[in-house]
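Reproduced below: model.cif, with mmCIF, C-alpha atoms and all ligand atoms.
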data_structure
loop_
_atom_site.label_atom_id
_atom_site.label_comp_id
_atom_site.auth_asym_id
_atom_site.auth_seq_id
_atom_site.Cartn_x
_atom_site.Cartn_y
_atom_site.Cartn_z
CA MET A 1 -2.47 -20.54 -7.76
CA GLN A 2 0.37 -19.69 -5.36
CA THR A 3 -0.32 -19.77 -1.62
CA LEU A 4 1.93 -17.89 0.80
CA ASN A 5 1.51 -17.67 4.52
CA VAL A 6 1.84 -14.69 6.85
CA ASP A 7 3.15 -16.35 9.96
CA LEU A 8 1.67 -14.63 13.01
CA GLY A 9 0.82 -17.50 15.33
CA ALA A 10 -2.90 -17.69 16.00
CA ARG A 11 -3.45 -14.77 13.61
CA SER A 12 -1.59 -16.37 10.67
CA TYR A 13 -3.32 -16.18 7.30
CA PRO A 14 -2.86 -17.21 3.68
CA ILE A 15 -2.29 -15.01 0.63
CA PHE A 16 -3.71 -16.61 -2.51
CA ILE A 17 -2.20 -15.29 -5.75
CA GLY A 18 -3.37 -16.38 -9.19
CA LYS A 19 -5.77 -16.04 -12.07
CA ASP A 20 -9.55 -16.28 -11.92
CA LEU A 21 -9.81 -16.36 -8.12
CA LEU A 22 -12.87 -14.13 -7.71
CA GLY A 23 -16.24 -15.84 -7.47
CA ARG A 24 -14.91 -19.07 -5.92
CA PRO A 25 -17.03 -20.04 -2.87
CA GLU A 26 -14.70 -22.82 -1.74
CA LEU A 27 -11.79 -20.37 -1.50
CA VAL A 28 -13.51 -17.88 0.78
CA ALA A 29 -15.79 -20.09 2.89
CA PRO A 30 -13.17 -21.18 5.48
CA TYR A 31 -12.41 -17.51 6.26
CA VAL A 32 -15.95 -16.25 6.84
CA SER A 33 -17.14 -15.76 10.42
CA GLY A 34 -20.86 -15.90 11.10
CA HIS A 35 -23.55 -15.77 8.42
CA GLN A 36 -23.44 -12.08 7.49
CA VAL A 37 -21.00 -10.69 4.90
CA MET A 38 -20.63 -7.01 3.99
CA LEU A 39 -18.84 -6.40 0.68
CA VAL A 40 -17.25 -2.95 0.60
CA SER A 41 -16.07 -1.52 -2.70
CA ASN A 42 -16.09 1.77 -4.57
CA GLU A 43 -17.83 3.34 -7.55
CA THR A 44 -15.07 2.28 -9.96
CA VAL A 45 -14.37 -1.28 -8.85
CA ALA A 46 -17.91 -2.37 -7.99
CA PRO A 47 -19.25 -2.26 -11.59
CA LEU A 48 -16.26 -4.39 -12.67
CA TYR A 49 -16.09 -7.11 -10.02
CA LEU A 50 -18.77 -6.86 -7.33
CA GLU A 51 -21.25 -9.31 -8.85
CA LYS A 52 -18.56 -11.90 -9.45
CA VAL A 53 -17.37 -11.61 -5.87
CA ARG A 54 -20.93 -11.73 -4.58
CA ARG A 55 -21.28 -15.19 -6.15
CA ALA A 56 -18.48 -16.46 -3.91
CA PHE A 57 -20.48 -15.40 -0.84
CA SER A 58 -23.93 -16.41 -2.05
CA ARG A 59 -24.50 -18.93 0.73
CA PHE A 60 -24.26 -16.12 3.31
CA GLN A 61 -26.47 -13.07 3.91
CA CYS A 62 -24.45 -10.89 1.56
CA GLU A 63 -24.90 -7.09 1.56
CA SER A 64 -22.80 -4.38 -0.02
CA VAL A 65 -21.83 -0.75 0.44
CA ILE A 66 -20.25 1.32 -2.32
CA LEU A 67 -17.99 4.20 -1.30
CA PRO A 68 -16.86 7.18 -3.38
CA ASP A 69 -13.55 6.54 -5.13
CA GLY A 70 -10.35 8.35 -4.24
CA GLU A 71 -7.64 8.99 -1.70
CA GLU A 72 -9.46 12.23 -0.80
CA TYR A 73 -12.29 10.05 0.61
CA LYS A 74 -10.00 8.01 2.85
CA ASN A 75 -11.26 9.74 5.97
CA LEU A 76 -13.47 9.29 9.02
CA GLU A 77 -16.54 10.67 7.26
CA THR A 78 -16.41 7.99 4.56
CA LEU A 79 -15.59 5.33 7.15
CA ASN A 80 -18.89 6.16 8.80
CA LEU A 81 -20.74 5.05 5.65
CA ILE A 82 -19.51 1.51 6.37
CA PHE A 83 -20.72 1.67 9.98
CA ASP A 84 -24.07 3.09 8.81
CA ALA A 85 -24.55 0.13 6.45
CA LEU A 86 -23.54 -2.42 9.08
CA LEU A 87 -25.94 -0.98 11.64
CA GLU A 88 -28.80 -0.47 9.20
CA LYS A 89 -28.53 -4.13 8.16
CA ARG A 90 -28.24 -5.22 11.82
CA PHE A 91 -24.87 -6.84 11.40
CA GLU A 92 -23.93 -8.85 14.45
CA ARG A 93 -20.61 -9.19 16.21
CA LYS A 94 -19.94 -12.41 14.34
CA CYS A 95 -19.81 -11.12 10.79
CA THR A 96 -17.28 -10.60 8.01
CA LEU A 97 -16.30 -7.52 6.04
CA VAL A 98 -14.78 -7.93 2.58
CA ALA A 99 -12.56 -5.22 1.05
CA LEU A 100 -12.84 -5.26 -2.74
CA GLY A 101 -10.62 -2.59 -4.29
CA GLY A 102 -7.24 -0.93 -4.03
CA GLY A 103 -5.32 0.17 -0.98
CA VAL A 104 -7.77 2.93 -0.08
CA ILE A 105 -10.64 0.47 0.26
CA GLY A 106 -8.42 -2.14 1.94
CA ASP A 107 -7.10 0.29 4.56
CA MET A 108 -10.56 1.68 5.32
CA VAL A 109 -12.34 -1.67 5.50
CA GLY A 110 -9.62 -3.10 7.72
CA PHE A 111 -10.01 -0.17 10.09
CA ALA A 112 -13.79 -0.49 10.04
CA ALA A 113 -13.40 -4.20 10.89
CA ALA A 114 -11.04 -3.33 13.75
CA CYS A 115 -13.61 -0.88 15.19
CA TYR A 116 -17.04 -2.38 14.51
CA GLN A 117 -18.28 -3.94 17.74
CA ARG A 118 -14.61 -3.84 18.87
CA GLY A 119 -13.44 -6.13 16.10
CA VAL A 120 -14.92 -8.40 13.44
CA SER A 121 -13.38 -10.59 10.72
CA PHE A 122 -12.31 -9.22 7.37
CA ILE A 123 -11.03 -10.50 4.04
CA GLN A 124 -8.85 -8.55 1.63
CA ILE A 125 -9.52 -8.80 -2.11
CA PRO A 126 -6.98 -6.32 -3.52
CA THR A 127 -7.53 -5.26 -7.14
CA THR A 128 -4.59 -2.90 -7.82
CA LEU A 129 -0.96 -3.91 -8.21
CA LEU A 130 -0.07 -1.72 -5.25
CA SER A 131 -2.61 -3.36 -2.99
CA GLN A 132 -1.65 -6.88 -4.14
CA VAL A 133 2.05 -6.37 -3.41
CA ASP A 134 1.78 -4.25 -0.29
CA SER A 135 -1.26 -2.77 1.38
CA SER A 136 -3.43 -5.90 1.66
CA VAL A 137 -0.69 -7.75 3.55
CA GLY A 138 0.42 -6.95 7.07
CA GLY A 139 -2.57 -5.48 8.83
CA LYS A 140 -1.91 -1.74 8.68
CA THR A 141 -5.33 -0.14 8.43
CA GLY A 142 -6.58 3.40 8.78
CA VAL A 143 -7.57 6.73 7.30
CA ASN A 144 -5.91 10.08 6.60
CA HIS A 145 -6.14 13.30 8.57
CA PRO A 146 -5.77 16.66 6.78
CA LEU A 147 -2.55 17.17 8.75
CA GLY A 148 -1.05 13.74 8.18
CA LYS A 149 -1.32 10.63 6.05
CA ASN A 150 -2.68 7.41 7.64
CA MET A 151 -2.55 9.05 11.06
CA ILE A 152 -5.71 7.42 12.43
CA GLY A 153 -5.71 3.63 12.35
CA ALA A 154 -4.98 0.26 13.87
CA PHE A 155 -2.94 -2.86 13.30
CA TYR A 156 -5.55 -5.45 12.40
CA GLN A 157 -4.90 -8.55 10.30
CA PRO A 158 -7.26 -9.97 7.67
CA ARG A 159 -8.34 -13.62 7.71
CA CYS A 160 -7.01 -14.12 4.18
CA VAL A 161 -5.88 -12.16 1.11
CA ILE A 162 -7.09 -13.07 -2.39
CA ALA A 163 -5.02 -11.44 -5.15
CA ASP A 164 -6.57 -12.20 -8.53
CA THR A 165 -4.01 -11.14 -11.12
CA ASP A 166 -6.72 -10.95 -13.83
CA SER A 167 -8.11 -7.87 -12.10
CA LEU A 168 -4.96 -5.96 -13.08
CA ASN A 169 -6.06 -6.01 -16.73
CA SER A 170 -8.55 -3.20 -16.07
CA LEU A 171 -6.02 -0.93 -14.31
CA ASP A 172 -4.86 2.15 -16.17
CA GLU A 173 -1.17 2.64 -16.91
CA ARG A 174 -0.62 5.31 -14.27
CA GLN A 175 -1.98 2.99 -11.56
CA LEU A 176 0.17 0.11 -12.79
CA SER A 177 3.27 2.31 -12.50
CA ALA A 178 2.22 3.42 -9.02
CA GLY A 179 2.14 -0.24 -7.97
CA LEU A 180 5.56 -0.81 -9.47
CA ALA A 181 6.99 1.79 -7.08
CA GLU A 182 6.25 -0.48 -4.10
CA VAL A 183 7.62 -3.49 -6.01
CA ILE A 184 10.89 -1.61 -6.63
CA LYS A 185 10.96 -0.71 -2.93
CA TYR A 186 11.39 -4.37 -1.91
CA GLY A 187 14.40 -4.80 -4.19
CA LEU A 188 15.97 -1.62 -2.84
CA ILE A 189 15.53 -2.36 0.85
CA CYS A 190 16.24 -6.07 1.07
CA ASP A 191 16.73 -8.01 -2.15
CA LEU A 192 19.45 -7.01 -4.61
CA PRO A 193 18.78 -9.99 -6.97
CA PHE A 194 15.13 -8.88 -7.17
CA PHE A 195 16.26 -5.31 -7.97
CA GLU A 196 18.41 -6.74 -10.76
CA TRP A 197 15.50 -8.86 -12.00
CA LEU A 198 13.38 -5.69 -12.13
CA GLU A 199 16.06 -3.93 -14.17
CA GLN A 200 15.83 -6.79 -16.69
CA ASN A 201 12.02 -7.14 -16.67
CA MET A 202 10.56 -3.65 -16.38
CA LEU A 203 9.34 -3.61 -20.00
CA ALA A 204 7.61 -6.98 -19.52
CA LEU A 205 5.92 -5.68 -16.37
CA LEU A 206 4.70 -2.54 -18.12
CA ALA A 207 3.37 -4.73 -20.93
CA ARG A 208 1.51 -6.77 -18.25
CA ASP A 209 3.26 -9.99 -19.14
CA PRO A 210 1.36 -12.46 -16.89
CA ALA A 211 4.42 -14.47 -15.88
CA ALA A 212 6.45 -11.36 -15.03
CA LEU A 213 3.58 -9.84 -13.03
CA ALA A 214 2.94 -13.10 -11.17
CA TYR A 215 6.61 -13.37 -10.21
CA ALA A 216 6.78 -9.71 -9.08
CA ILE A 217 3.65 -10.08 -6.92
CA ASP A 218 4.76 -13.38 -5.46
CA ARG A 219 8.28 -12.16 -4.60
CA SER A 220 6.97 -8.88 -3.14
CA CYS A 221 4.45 -10.72 -0.94
CA GLN A 222 7.10 -13.20 0.22
CA LEU A 223 9.38 -10.36 1.26
CA LYS A 224 6.61 -8.42 2.95
CA ALA A 225 5.24 -11.49 4.76
CA ALA A 226 8.70 -12.24 6.18
CA VAL A 227 9.15 -8.69 7.47
CA VAL A 228 5.66 -8.59 8.99
CA ALA A 229 6.17 -11.98 10.66
CA ALA A 230 9.40 -10.67 12.21
CA ASP A 231 8.01 -7.33 13.40
CA GLU A 232 4.23 -7.06 13.14
CA ARG A 233 3.85 -3.77 15.02
CA GLU A 234 6.85 -1.95 13.59
CA SER A 235 9.16 -1.79 16.55
CA GLY A 236 12.16 -2.46 14.30
CA VAL A 237 12.73 -3.88 10.83
CA ARG A 238 9.18 -3.21 9.56
CA ALA A 239 10.01 0.50 9.42
CA THR A 240 12.28 -0.28 6.44
CA LEU A 241 9.09 -0.94 4.45
CA ASN A 242 8.56 2.79 4.75
CA PHE A 243 11.54 3.53 2.49
CA GLY A 244 10.61 6.68 0.55
CA HIS A 245 7.45 7.16 2.61
CA THR A 246 8.67 10.01 4.85
CA PHE A 247 9.19 12.20 1.78
CA GLY A 248 6.33 10.57 -0.15
CA HIS A 249 3.67 11.07 2.51
CA ALA A 250 4.73 14.73 2.75
CA ILE A 251 4.19 15.11 -1.01
CA GLU A 252 0.74 13.49 -0.79
CA ALA A 253 -0.40 15.62 2.14
CA ALA A 254 1.09 18.91 0.87
CA THR A 255 -0.33 18.58 -2.64
CA GLY A 256 -3.77 17.52 -1.36
CA TYR A 257 -4.59 13.80 -1.19
CA GLY A 258 -5.31 12.29 -4.59
CA LYS A 259 -3.34 14.67 -6.83
CA TRP A 260 -0.22 12.55 -6.69
CA LEU A 261 -0.95 8.82 -6.55
CA HIS A 262 0.46 7.16 -3.45
CA GLY A 263 2.86 5.06 -5.53
CA GLU A 264 4.02 8.10 -7.50
CA ALA A 265 4.81 9.97 -4.30
CA ILE A 266 6.67 6.92 -2.98
CA GLY A 267 8.66 6.61 -6.22
CA THR A 268 9.85 10.20 -5.91
CA GLY A 269 10.26 9.79 -2.14
CA MET A 270 12.58 6.83 -2.76
CA LEU A 271 14.71 9.00 -5.04
CA LEU A 272 14.98 11.67 -2.36
CA ALA A 273 15.94 9.03 0.21
CA THR A 274 18.48 7.61 -2.26
CA ASP A 275 19.98 11.06 -2.83
CA LEU A 276 20.21 11.64 0.92
CA SER A 277 21.89 8.24 1.39
CA ALA A 278 24.48 9.22 -1.21
CA ARG A 279 25.09 12.64 0.37
CA MET A 280 25.66 10.85 3.67
CA GLY A 281 28.35 8.75 2.02
CA MET A 282 26.51 5.44 1.92
CA LEU A 283 25.72 4.99 -1.77
CA ALA A 284 27.93 5.38 -4.81
CA ALA A 285 26.90 7.71 -7.66
CA ALA A 286 26.57 4.71 -9.98
CA ASP A 287 24.02 3.09 -7.64
CA VAL A 288 22.04 6.34 -7.46
CA GLN A 289 21.93 6.40 -11.25
CA ARG A 290 20.73 2.79 -11.42
CA ILE A 291 17.92 3.54 -8.99
CA GLU A 292 16.89 6.68 -10.85
CA ASN A 293 16.94 4.75 -14.15
CA LEU A 294 14.72 2.00 -12.75
CA ILE A 295 12.18 4.41 -11.25
CA ASP A 296 12.17 6.43 -14.46
CA SER A 297 11.73 3.26 -16.56
CA ALA A 298 8.65 2.39 -14.47
CA GLN A 299 7.18 5.68 -15.76
CA LEU A 300 7.13 7.27 -12.35
CA PRO A 301 7.83 10.95 -11.67
CA THR A 302 11.41 11.66 -10.62
CA ARG A 303 11.08 15.22 -9.32
CA ALA A 304 9.23 16.59 -6.29
CA PRO A 305 6.61 19.31 -6.81
CA ALA A 306 8.26 22.65 -7.57
CA ASN A 307 6.32 24.44 -4.86
CA MET A 308 7.53 22.08 -2.12
CA ASP A 309 10.57 23.77 -0.63
CA TYR A 310 12.60 22.62 2.37
CA ALA A 311 10.30 24.34 4.89
CA THR A 312 7.20 22.70 3.39
CA PHE A 313 8.78 19.26 3.44
CA MET A 314 9.88 19.76 7.05
CA ARG A 315 6.41 20.87 8.11
CA TYR A 316 4.77 17.73 6.72
CA MET A 317 7.58 15.34 7.61
CA ALA A 318 7.30 16.40 11.25
CA VAL A 319 3.93 14.60 11.26
CA ASP A 320 5.22 11.11 10.47
CA LYS A 321 4.64 7.95 12.43
CA LYS A 322 8.38 7.35 12.61
CA VAL A 323 9.00 10.61 14.49
CA GLU A 324 10.45 9.84 17.93
CA ALA A 325 11.07 12.44 20.66
CA GLY A 326 10.48 15.13 18.02
CA SER A 327 13.14 13.91 15.61
CA ILE A 328 12.43 12.53 12.17
CA ARG A 329 13.74 9.01 11.53
CA PHE A 330 14.70 8.28 7.94
CA VAL A 331 14.91 4.96 6.16
CA LEU A 332 18.03 5.16 3.99
CA LEU A 333 20.13 2.78 1.92
CA GLN A 334 23.54 1.75 3.14
CA ALA A 335 23.90 -0.29 -0.05
CA LEU A 336 21.68 -1.44 -2.87
CA GLY A 337 19.37 -4.02 -1.27
CA GLN A 338 20.15 -2.96 2.30
CA ALA A 339 18.12 -0.39 4.24
CA ILE A 340 18.88 1.20 7.59
CA ILE A 341 16.88 3.46 9.90
CA THR A 342 18.51 6.58 11.30
CA SER A 343 17.62 9.89 12.91
CA ASP A 344 21.20 11.05 12.60
CA CYS A 345 20.86 13.21 9.55
CA ASP A 346 22.60 16.56 8.88
CA PRO A 347 19.89 19.19 8.12
CA GLN A 348 22.16 20.80 5.53
CA LEU A 349 22.37 17.54 3.58
CA LEU A 350 18.61 17.09 3.84
CA LYS A 351 18.07 20.63 2.52
CA ALA A 352 20.48 19.96 -0.34
CA THR A 353 18.57 16.76 -1.25
CA ILE A 354 15.23 18.54 -1.32
CA GLU A 355 16.56 21.46 -3.33
CA ALA A 356 18.19 19.12 -5.85
CA HIS A 357 14.91 17.31 -6.46
CA HIS A 358 12.59 20.24 -7.14
CA ALA A 359 10.78 20.09 -10.44
CA ILE A 360 11.65 23.03 -12.68
CA VAL A 361 7.99 23.76 -13.35
CA GLU A 362 4.96 23.40 -11.08
CA ALA A 363 4.02 19.70 -10.76
P1 LIG A 401 -6.55 3.18 -4.76
O1 LIG A 401 -7.14 2.28 -3.79
O2 LIG A 401 -6.97 4.60 -4.74
O3 LIG A 401 -6.78 2.57 -6.20
C1 LIG A 401 -6.32 3.28 -7.31
C2 LIG A 401 -7.43 3.54 -8.35
O4 LIG A 401 -7.63 2.36 -9.09
C3 LIG A 401 -8.76 3.90 -7.75
O5 LIG A 401 -9.40 4.84 -8.58
C4 LIG A 401 -9.51 2.58 -7.79
O6 LIG A 401 -10.91 2.73 -7.78
C5 LIG A 401 -9.02 2.01 -9.08
N1 LIG A 401 -9.06 0.56 -9.19
C6 LIG A 401 -8.84 -0.36 -8.21
N2 LIG A 401 -8.82 -1.58 -8.73
C7 LIG A 401 -9.05 -1.44 -10.06
C8 LIG A 401 -9.12 -2.34 -11.13
N3 LIG A 401 -8.90 -3.66 -10.96
N4 LIG A 401 -9.39 -1.87 -12.36
C9 LIG A 401 -9.57 -0.55 -12.57
N5 LIG A 401 -9.47 0.37 -11.59
C10 LIG A 401 -9.21 -0.07 -10.34
O7 LIG A 401 -4.95 3.21 -4.64
P2 LIG A 401 -3.87 2.07 -4.39
O8 LIG A 401 -2.68 2.52 -5.14
O9 LIG A 401 -4.40 0.73 -4.62
O10 LIG A 401 -3.58 2.18 -2.82
C11 LIG A 401 -3.06 3.37 -2.27
C12 LIG A 401 -3.47 3.42 -0.83
O11 LIG A 401 -2.90 2.31 -0.13
C13 LIG A 401 -3.00 4.65 -0.12
O12 LIG A 401 -4.04 5.17 0.66
C14 LIG A 401 -1.89 4.16 0.78
O13 LIG A 401 -1.75 4.91 1.95
C15 LIG A 401 -2.32 2.77 1.07
N6 LIG A 401 -1.24 1.86 1.44
C16 LIG A 401 -1.38 1.12 2.55
C17 LIG A 401 -0.42 0.22 2.91
C18 LIG A 401 -0.63 -0.66 4.10
O14 LIG A 401 0.32 -1.34 4.51
N7 LIG A 401 -1.80 -0.70 4.65
C19 LIG A 401 0.73 0.07 2.12
C20 LIG A 401 0.85 0.85 0.97
C21 LIG A 401 -0.15 1.74 0.63
N1 LIG A 402 3.63 -0.32 3.78
C1 LIG A 402 4.39 -0.36 4.98
C2 LIG A 402 4.03 -1.47 5.91
O1 LIG A 402 3.14 -2.24 5.68
O2 LIG A 402 4.63 -1.56 6.95
#

Is it possible to give me this structure as structure tokens?
Amino acid sequence: MQTLNVDLGARSYPIFIGKDLLGRPELVAPYVSGHQVMLVSNETVAPLYLEKVRRAFSRFQCESVILPDGEEYKNLETLNLIFDALLEKRFERKCTLVALGGGVIGDMVGFAAACYQRGVSFIQIPTTLLSQVDSSVGGKTGVNHPLGKNMIGAFYQPRCVIADTDSLNSLDERQLSAGLAEVIKYGLICDLPFFEWLEQNMLALLARDPAALAYAIDRSCQLKAAVVAADERESGVRATLNFGHTFGHAIEAATGYGKWLHGEAIGTGMLLATDLSARMGMLAAADVQRIENLIDSAQLPTRAPANMDYATFMRYMAVDKKVEAGSIRFVLLQALGQAIITSDCDPQLLKATIEAHHAIVEA
């Protein structure tokens, strides 16, 4: 088992990464507050892992609530189901919520923990590649609004993160690729050697080679933990973790949450941001091609939906958490492995990028 630390002073916490980590009471016990534990999962993940996880918490009063599965349920109405269960079971202020699932469950449970009785403890047990490399770490929690992705939420850190790499064996291929999008993101924004390692190891990752997956998760979490420790509340460098997200969130919202997987939208969003970086004179054509090749080799879509024209992108991108004084701030690449944040972007170049990345047929 690898143990990393997210260094946030009194709110620091460990990330445990390894095989066969579910169902281990000694691993979770130090991070439980009080005697009541609410396991929150969904209809897909609960039948696979809930009973195993319950064993780890058997010395506590352990209850569970099972939510519907899907990005389209990441909203305030579903969040209320968690509060209903907590109140019906008379959960006290000193209690612990456990998120067992992908990023949707993790984001919602974290937000529920931030709100219930003004804040209770929570533990992240991420079960998708995407949630193990990204969403379970760093304390961004929340839900979607029909007009904008992740628009309602809070910064709220877990007490620990337990990433059991065995759980990735039950993921389908599309979900694995979606997770790889966020892995590729780290190489692009801040780690050229990792990008090069991904170019060499993409086939091993797609084949779920345990050593390759363990290295990719470990390296991604190291990079994310360092960024979060430097800028927990995104007043600076943390915004680079949103590379591809301005375009990607627009795709998710415009197509209706759940049609494009988050990671798929981010993969295509990163290509749009790459194209824009090149049009602004920061990236060479050869680098653009390398990035497109890597995203394509991860079996991610490389074209935006055909029905999303410039006006549609602009409408959705105007509702982005990076918007400041009405202007959209983009995360771009000034070189492979080096991201910058800018609002100084020529609308004509942006339009050209969007038009160049339309799919030929309806996506
Ligand atoms: P997800 O949570 O929807 O999970 C994907 C699918 O896989 C779901 O159907 C889920 O039930 C299923 N699943 C989960 N674990 C499984 C397993 N082990 N075996 C089989 N099926 C399994 O999606 P995701 O890609 O994990 O997360 C995407 C979400 O994360 C988005 O809402 C996104 O906004 C959010 N996110 C948050 C952050 C953050 O910093 N908080 C960062 C990135 C993404
Ligand atoms: N996924 C972006 C962040 O955590 O900041």

Could you give me, as an mmCIF file with C-alpha atoms, in the coordinates of the input, the residues within 8 Å of region 41-46 of chain A, counting only C-alpha atoms and dropping anything in the same chain fewer than 6 positions from it?
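Written out: selection_26.cif:
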data_model
loop_
_atom_site.group_PDB
_atom_site.id
_atom_site.type_symbol
_atom_site.label_atom_id
_atom_site.label_comp_id
_atom_site.auth_asym_id
_atom_site.auth_seq_id
_atom_site.Cartn_x
_atom_site.Cartn_y
_atom_site.Cartn_z
ATOM 1 C CA SER A 64 -22.800 -4.380 -0.020
ATOM 2 C CA VAL A 65 -21.830 -0.750 0.440
ATOM 3 C CA ILE A 66 -20.250 1.320 -2.320
ATOM 4 C CA LEU A 67 -17.990 4.200 -1.300
ATOM 5 C CA PRO A 68 -16.860 7.180 -3.380
ATOM 6 C CA ASP A 69 -13.550 6.540 -5.130
ATOM 7 C CA ALA A 99 -12.560 -5.220 1.050
ATOM 8 C CA LEU A 100 -12.840 -5.260 -2.740
ATOM 9 C CA GLY A 101 -10.620 -2.590 -4.290
ATOM 10 C CA ILE A 105 -10.640 0.470 0.260
#

Could you name the residues that touch Ala216 (chain A) at 8 Å or less, counting only C-alpha atoms, but leaving out those on the same chain fewer than 4 positions away, as a PDB file with C-alpha atoms, in the coordinates of the input?
ATOM      1  CA  VAL A 183       7.620  -3.490  -6.010  1.00  0.00           C
ATOM      2  CA  ALA A 212       6.450 -11.360 -15.030  1.00  0.00           C
ATOM      3  CA  SER A 220       6.970  -8.880  -3.140  1.00  0.00           C
TER       4      SER A 220
END

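For the pair CA of Pro158 (chain A) and CA of His35 (chain A), the interatomic distance is 17.3 Å.
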
Quiz item: Restricting the calculation to all atoms listed in the file, which member of A:Ala225, A:Cys160, A:Met314, A:Leu272 is positioned closest to ligand LIG 402 (chain A)?
Solution: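 Nearest candidate to ligand LIG 402 (chain A) out of A:Ala225, A:Cys160, A:Met314, A:Leu272: A:Ala225.
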
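Residues with any atom within 10 Å of Gln157 (chain A), counting only C-alpha atoms and excluding same-chain neighbours fewer than 2 positions away, are Val6, Leu8, Arg11, Ser12, Tyr13, Gly110, Phe111, Ala113, Ala114, Ser121, Phe122, Ile123, Gln124, Ser136, Val137, Gly138, Gly139, Lys140, Thr141, Ala154, Phe155, Arg159, Cys160, Val161 and Glu232 of chain A.
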
Expected file contents, prior selection, C-alpha atoms, as a compact mmCIF listing (two decimals), keeping the file's coordinate frame:
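File out27.txt, as written:
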# COMPACT_ATOMS: atom_id res chain seq x y z
CA VAL A 6 1.84 -14.69 6.85
CA LEU A 8 1.67 -14.63 13.01
CA ARG A 11 -3.45 -14.77 13.61
CA SER A 12 -1.59 -16.37 10.67
CA TYR A 13 -3.32 -16.18 7.30
CA GLY A 110 -9.62 -3.10 7.72
CA PHE A 111 -10.01 -0.17 10.09
CA ALA A 113 -13.40 -4.20 10.89
CA ALA A 114 -11.04 -3.33 13.75
CA SER A 121 -13.38 -10.59 10.72
CA PHE A 122 -12.31 -9.22 7.37
CA ILE A 123 -11.03 -10.50 4.04
CA GLN A 124 -8.85 -8.55 1.63
CA SER A 136 -3.43 -5.90 1.66
CA VAL A 137 -0.69 -7.75 3.55
CA GLY A 138 0.42 -6.95 7.07
CA GLY A 139 -2.57 -5.48 8.83
CA LYS A 140 -1.91 -1.74 8.68
CA THR A 141 -5.33 -0.14 8.43
CA ALA A 154 -4.98 0.26 13.87
CA PHE A 155 -2.94 -2.86 13.30
CA ARG A 159 -8.34 -13.62 7.71
CA CYS A 160 -7.01 -14.12 4.18
CA VAL A 161 -5.88 -12.16 1.11
CA GLU A 232 4.23 -7.06 13.14

Quiz item: Residues around (-4.5, 6.9, -6.9), cut-off 8 Å, counting all atoms listed in the file - what are they as a PyMOL selection string?
Solution: chain A and resi 70-71+175+178+258-263

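Note that the spacing between CA of Gln348 (chain A) and CA of Asn242 (chain A) amounts to 22.6 Å.
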
Quiz prompt | Lys52 (chain A) environment, 12 Å, only C-alpha atoms, sequence neighbours closer than 3 positions dropped, as number ranges by chain | solution = A: 20-25, 39, 45-49, 55-58, 100, 167

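Using only C-alpha atoms and all ligand atoms for every distance, the candidate list A:Ile266, A:Ala285, A:Ile291, A:Ala253 yields A:Ile266 as the residue closest to ligand LIG 402 (chain A).
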
Practice problem: Would you list the residues that come within 12 Å of ligand LIG 402 (chain A)? Count all atoms listed in the file and give the answer as JSON, numbers by chain. | Solution: {"A": [103, 107, 130, 131, 132, 133, 134, 135, 136, 137, 138, 139, 140, 141, 142, 150, 154, 155, 156, 157, 179, 181, 182, 183, 185, 186, 220, 221, 223, 224, 225, 226, 227, 228, 229, 230, 231, 232, 233, 234, 235, 236, 237, 238, 239, 240, 241, 242, 243, 244, 245, 246, 248, 249, 262, 263, 266, 321, 322, 331]}

Exercise. Would you kindly identify which residues have an atom no farther than 6 Å from (13.8, 16.8, -6.4), using only C-alpha atoms and the file's own coordinates, and write them out as a PyMOL selection string?
Key: chain A and resi 303-304+354+356-358
